[in-house]
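Chemist: run33.cif (mmCIF, C-alpha atoms) pasted underneath:
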```cif
data_data
#
loop_
_atom_site.group_PDB
_atom_site.id
_atom_site.type_symbol
_atom_site.label_atom_id
_atom_site.label_comp_id
_atom_site.auth_asym_id
_atom_site.auth_seq_id
_atom_site.Cartn_x
_atom_site.Cartn_y
_atom_site.Cartn_z
ATOM 1 C CA MET A 27 -19.019 -159.251 120.532
ATOM 2 C CA LEU A 28 -17.353 -158.735 117.158
ATOM 3 C CA HIS A 29 -17.656 -162.439 116.353
ATOM 4 C CA PHE A 30 -21.364 -162.336 117.252
ATOM 5 C CA SER A 31 -21.902 -159.332 114.964
ATOM 6 C CA PHE A 32 -20.214 -161.175 112.062
ATOM 7 C CA LEU A 33 -22.436 -164.206 112.624
ATOM 8 C CA LEU A 34 -25.536 -162.012 112.840
ATOM 9 C CA LYS A 35 -24.583 -160.152 109.667
ATOM 10 C CA GLY A 36 -24.070 -163.479 107.915
ATOM 11 C CA GLU A 37 -27.493 -164.695 108.990
ATOM 12 C CA ILE A 38 -29.150 -161.477 107.831
ATOM 13 C CA GLU A 39 -27.317 -161.632 104.504
ATOM 14 C CA ALA A 40 -28.355 -165.269 103.975
ATOM 15 C CA GLN A 41 -32.004 -164.658 104.865
ATOM 16 C CA ILE A 42 -32.546 -161.583 102.697
ATOM 17 C CA GLY A 43 -30.651 -163.274 99.884
ATOM 18 C CA GLU A 44 -32.762 -166.414 100.113
ATOM 19 C CA GLN A 45 -36.111 -164.691 100.623
ATOM 20 C CA LEU A 46 -35.713 -161.506 98.568
ATOM 21 C CA GLY A 47 -32.852 -162.155 96.180
ATOM 22 C CA ILE A 48 -30.845 -159.153 97.357
ATOM 23 C CA GLY A 49 -27.717 -158.694 99.426
ATOM 24 C CA LEU A 50 -27.167 -156.549 102.483
ATOM 25 C CA ALA A 51 -25.356 -153.959 100.350
ATOM 26 C CA ASP A 52 -28.434 -153.822 98.103
ATOM 27 C CA HIS A 53 -30.634 -153.270 101.151
ATOM 28 C CA GLU A 54 -28.374 -150.477 102.400
ATOM 29 C CA ALA A 55 -28.356 -148.777 99.000
ATOM 30 C CA LEU A 56 -32.139 -149.030 98.635
ATOM 31 C CA SER A 57 -32.605 -147.655 102.154
ATOM 32 C CA HIS A 58 -30.355 -144.670 101.444
ATOM 33 C CA ILE A 59 -32.126 -143.928 98.174
ATOM 34 C CA ARG A 60 -35.599 -144.295 99.669
ATOM 35 C CA TYR A 61 -35.068 -142.280 102.827
ATOM 36 C CA CYS A 62 -32.826 -139.538 101.449
ATOM 37 C CA HIS A 63 -34.517 -136.191 101.994
ATOM 38 C CA ASP A 64 -33.144 -134.734 98.779
ATOM 39 C CA GLU A 65 -32.223 -136.169 95.434
ATOM 40 C CA ILE A 66 -29.383 -138.635 95.783
ATOM 41 C CA LYS A 67 -26.549 -138.634 93.282
ATOM 42 C CA MET A 68 -24.483 -141.692 92.428
ATOM 43 C CA SER A 69 -21.439 -140.026 94.014
ATOM 44 C CA ASP A 70 -23.390 -139.315 97.225
ATOM 45 C CA LEU A 71 -24.474 -142.939 97.443
ATOM 46 C CA ALA A 72 -20.868 -144.067 97.005
ATOM 47 C CA ASP A 73 -19.835 -141.799 99.878
ATOM 48 C CA GLU A 74 -22.694 -142.959 102.115
ATOM 49 C CA LEU A 75 -21.920 -146.642 101.517
ATOM 50 C CA VAL A 76 -18.137 -146.116 101.603
ATOM 51 C CA LEU A 77 -17.772 -147.627 98.142
ATOM 52 C CA SER A 78 -15.684 -146.606 95.171
ATOM 53 C CA ARG A 79 -17.469 -144.923 92.270
ATOM 54 C CA GLY A 80 -16.977 -148.127 90.251
ATOM 55 C CA GLY A 81 -18.333 -150.244 93.099
ATOM 56 C CA VAL A 82 -21.495 -148.178 93.404
ATOM 57 C CA THR A 83 -21.960 -148.271 89.622
ATOM 58 C CA LYS A 84 -21.945 -152.095 89.698
ATOM 59 C CA LEU A 85 -24.332 -152.101 92.649
ATOM 60 C CA VAL A 86 -26.754 -149.698 90.966
ATOM 61 C CA ASP A 87 -26.493 -151.646 87.682
ATOM 62 C CA ARG A 88 -27.740 -154.730 89.573
ATOM 63 C CA LEU A 89 -30.546 -152.820 91.265
ATOM 64 C CA GLU A 90 -31.600 -151.187 87.997
ATOM 65 C CA GLU A 91 -31.583 -154.512 86.127
ATOM 66 C CA SER A 92 -33.849 -155.903 88.871
ATOM 67 C CA GLY A 93 -36.241 -152.967 88.460
ATOM 68 C CA LEU A 94 -35.610 -151.640 91.967
ATOM 69 C CA VAL A 95 -34.112 -148.251 91.037
ATOM 70 C CA ARG A 96 -33.850 -146.015 88.011
ATOM 71 C CA ARG A 97 -31.299 -143.455 86.951
ATOM 72 C CA ARG A 98 -32.069 -140.054 85.510
ATOM 73 C CA PRO A 99 -29.919 -137.098 84.577
ATOM 74 C CA SER A 100 -29.892 -134.134 86.935
ATOM 75 C CA SER A 101 -31.889 -131.151 85.731
ATOM 76 C CA ASP A 102 -29.098 -128.888 87.024
ATOM 77 C CA ASP A 103 -26.069 -130.692 85.609
ATOM 78 C CA ARG A 104 -26.259 -133.273 82.820
ATOM 79 C CA ARG A 105 -23.023 -134.883 84.049
ATOM 80 C CA VAL A 106 -24.720 -135.886 87.307
ATOM 81 C CA THR A 107 -26.898 -138.989 87.635
ATOM 82 C CA ILE A 108 -29.767 -138.968 90.125
ATOM 83 C CA LEU A 109 -31.130 -142.202 91.589
ATOM 84 C CA GLU A 110 -34.797 -142.875 92.210
ATOM 85 C CA ILE A 111 -36.347 -145.882 93.892
ATOM 86 C CA THR A 112 -39.168 -147.667 92.061
ATOM 87 C CA ALA A 113 -42.346 -149.055 93.637
ATOM 88 C CA ALA A 114 -40.756 -152.514 93.473
ATOM 89 C CA GLY A 115 -37.667 -151.117 95.222
ATOM 90 C CA GLU A 116 -39.815 -149.594 97.972
ATOM 91 C CA ALA A 117 -41.620 -152.909 98.507
ATOM 92 C CA THR A 118 -38.289 -154.775 98.595
ATOM 93 C CA VAL A 119 -36.699 -152.451 101.133
ATOM 94 C CA ASP A 120 -39.846 -152.631 103.297
ATOM 95 C CA ARG A 121 -39.729 -156.442 103.240
ATOM 96 C CA SER A 122 -35.986 -156.542 103.898
ATOM 97 C CA ARG A 123 -36.328 -154.077 106.801
ATOM 98 C CA SER A 124 -39.060 -156.242 108.339
ATOM 99 C CA LEU A 125 -36.985 -159.377 107.893
ATOM 100 C CA ILE A 126 -33.919 -157.753 109.450
ATOM 101 C CA ASP A 127 -36.036 -156.534 112.376
ATOM 102 C CA GLU A 128 -37.389 -160.065 112.909
ATOM 103 C CA ILE A 129 -33.897 -161.536 112.937
ATOM 104 C CA LEU A 130 -32.591 -158.877 115.325
ATOM 105 C CA LEU A 131 -35.562 -159.382 117.628
ATOM 106 C CA GLU A 132 -35.131 -163.141 117.634
ATOM 107 C CA ARG A 133 -31.363 -163.150 118.100
ATOM 108 C CA TRP A 134 -30.706 -160.055 120.160
ATOM 109 C CA ALA A 135 -33.503 -157.755 121.301
ATOM 110 C CA ARG A 136 -35.420 -160.341 123.286
ATOM 111 C CA LEU A 137 -32.330 -160.889 125.462
ATOM 112 C CA ILE A 138 -32.077 -157.346 126.814
ATOM 113 C CA THR A 139 -34.304 -155.058 128.836
ATOM 114 C CA ASP A 140 -35.723 -151.789 127.524
ATOM 115 C CA GLU A 141 -33.303 -149.926 129.784
ATOM 116 C CA GLU A 142 -30.327 -151.864 128.407
ATOM 117 C CA ALA A 143 -31.531 -151.268 124.844
ATOM 118 C CA SER A 144 -31.813 -147.547 125.537
ATOM 119 C CA SER A 145 -28.298 -147.442 127.001
ATOM 120 C CA ILE A 146 -26.840 -149.315 124.026
ATOM 121 C CA THR A 147 -28.687 -147.057 121.557
ATOM 122 C CA ASN A 148 -27.469 -143.909 123.326
ATOM 123 C CA LEU A 149 -23.885 -145.175 123.409
ATOM 124 C CA ILE A 150 -23.911 -146.049 119.701
ATOM 125 C CA ARG A 151 -25.467 -142.683 118.849
ATOM 126 C CA ARG A 152 -22.791 -140.813 120.828
ATOM 127 C CA ALA A 153 -19.952 -142.826 119.273
ATOM 128 C CA TYR A 154 -21.443 -142.362 115.800
ATOM 129 C CA HIS A 155 -21.547 -138.574 116.165
ATOM 130 C CA ASP A 156 -18.382 -138.033 118.239
ATOM 131 C CA GLU A 157 -15.745 -136.165 116.248
ATOM 132 C CA GLU A 158 -12.827 -138.179 117.640
ATOM 133 C CA THR A 159 -14.257 -141.704 117.546
ATOM 134 C CA SER A 160 -16.737 -141.593 114.687
ATOM 135 C CA LEU A 161 -16.129 -143.891 111.746
ATOM 136 C CA VAL A 162 -18.415 -141.727 109.610
ATOM 137 C CA ALA A 163 -16.637 -139.495 107.122
ATOM 138 C CA GLU A 164 -17.927 -135.937 107.036
#
```
Written as structure tokens, how would this file's structure read?
Modeler:
Amino acid sequence: MLHFSFLLKGEIEAQIGEQLGIGLADHEALSHIRYCHDEIKMSDLADELVLSRGGVTKLVDRLEESGLVRRRPSSDDRRVTILEITAAGEATVDRSRSLIDEILLERWARLITDEEASSITNLIRRAYHDEETSLVAE
């Protein structure tokens, strides 16, 4: 299963790289910025992506140079940088999400029943939110 997930991740990475010119980390960052309910700070994005502050700075530099995000100072604290997604960033994350969905459907979803998909989704959700087994830092 782990080997399959690595292969699938590699295929997704190759396809979005070839078709959209972004990496999977770029997609994840754009998704977090776009769908965050509040303003998202650079430090929050680093925590969400489990990256160092320097790593997220390099990632955001790339996205900003590509016109996908912009930085602005916080109105509450000038030391804090807020990230905003641009229209081009929204279009890119929409296209990458669609492409990822197509790949998952082709390689995985068509092989399982709706009941199996529901069971897998519920199991992942429980593991994600379980205090003892979750890999998500609170």
Chemist: On this structure, which residues satisfy the PyMOL selection byres ((chain A and resi 67) around 6), written as an MDAnalysis selection string?
Modeler: chainID A and resid 66 68:70 107:108
Chemist: Hey, can you check how far CA of Leu56 in chain A sits from CA of Glu39 in chain A?
Modeler: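 We find that CA of Leu56 in chain A and CA of Glu39 in chain A lie 14.7 Å from each other.
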Chemist: Enter the distance from CA of Glu65 in chain A to CA of Val95 in chain A, in Å, rounded to one decimal.
Modeler: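 So the answer is 13.0 Å.
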Chemist: Residues at most 12 Å from Gly36 in chain A, counting all atoms listed in the file, excluding those fewer than 6 positions away in the same chain, as number ranges by chain?
Modeler: A: 29-30, 42-43, 49-50, 126, 129
Chemist: Measuring atom to atom with all atoms listed in the file, identify which of A:Ile138, A:Leu89, A:Ile59, A:Leu130 is nearest to Gly47 in chain A.
Modeler: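 Result for the nearest residue to Gly47 in chain A: A:Leu89.
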Chemist: Give me, please, the distance in Å between CA of Glu110 in chain A and CA of Arg96 in chain A, quoted to one decimal.
Modeler: 5.3 Å
Chemist: Is it possible to get the residues within 12 Å of (-31.2, -162.1, 117.3) (coordinates as in the file, counting only C-alpha atoms) written as a list in words?
Modeler: Phe30, Ser31, Leu33, Leu34, Lys35, Gly36, Glu37, Ile38, Leu125, Ile126, Asp127, Glu128, Ile129, Leu130, Leu131, Glu132, Arg133, Trp134, Ala135, Arg136, Leu137 and Ile138 of chain A
Chemist: Pick from A:Ser78, A:Arg60, A:Leu149, A:Asp52: nearest to Ala113 in chain A, with all atoms listed in the file counted?
Modeler: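 For Ala113 in chain A, the nearest of the given residues is A:Arg60.
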Chemist: So, counting all atoms listed in the file, which residue among A:Leu77, A:Ile111, A:Met27, A:Ala117 is closest to Tyr61 in chain A?
Modeler: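 With all atoms listed in the file as the atom set, the closest residue is A:Ile111.
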Chemist: Nearest to Ser92 in chain A among A:Ala143, A:Ala153, A:Ala114, A:Val76, with distances taken over all atoms listed in the file: which residue is it?
Modeler: A:Ala114
Chemist: So, counting all atoms listed in the file, which residue among A:Asp87, A:Ser100, A:Thr147, A:Ser122 is closest to Glu44 in chain A?
Modeler: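 That would be A:Ser122, the residue with the smallest distance to Glu44 in chain A.
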Chemist: In terms of the shortest atom-to-atom distance over all atoms listed in the file, which of A:Leu28, A:Arg79, A:Arg151, A:His58 is closest to Gly115 in chain A?
Modeler: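 Closest to Gly115 in chain A of all the choices is A:His58.
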Chemist: Calculate, to one decimal in Å, the centre and edge lengths of the box along x, y and z of the file that holds all listed atoms of range 60-71 of chain A with 6 Å of margin on each side, and present them as AutoDock Vina command-line options.
Modeler:
```
--center_x -28.5 --center_y -139.5 --center_z 97.6 --size_x 26.2 --size_y 21.6 --size_z 22.4
```
Chemist: May I have the protein, DNA and RNA residues with an atom at most 8 Å from (-41.9, -161.0, 97.4), counting all atoms listed in the file in the file's coordinates, returned as number ranges by chain?
Modeler: A: 45-46, 118, 121
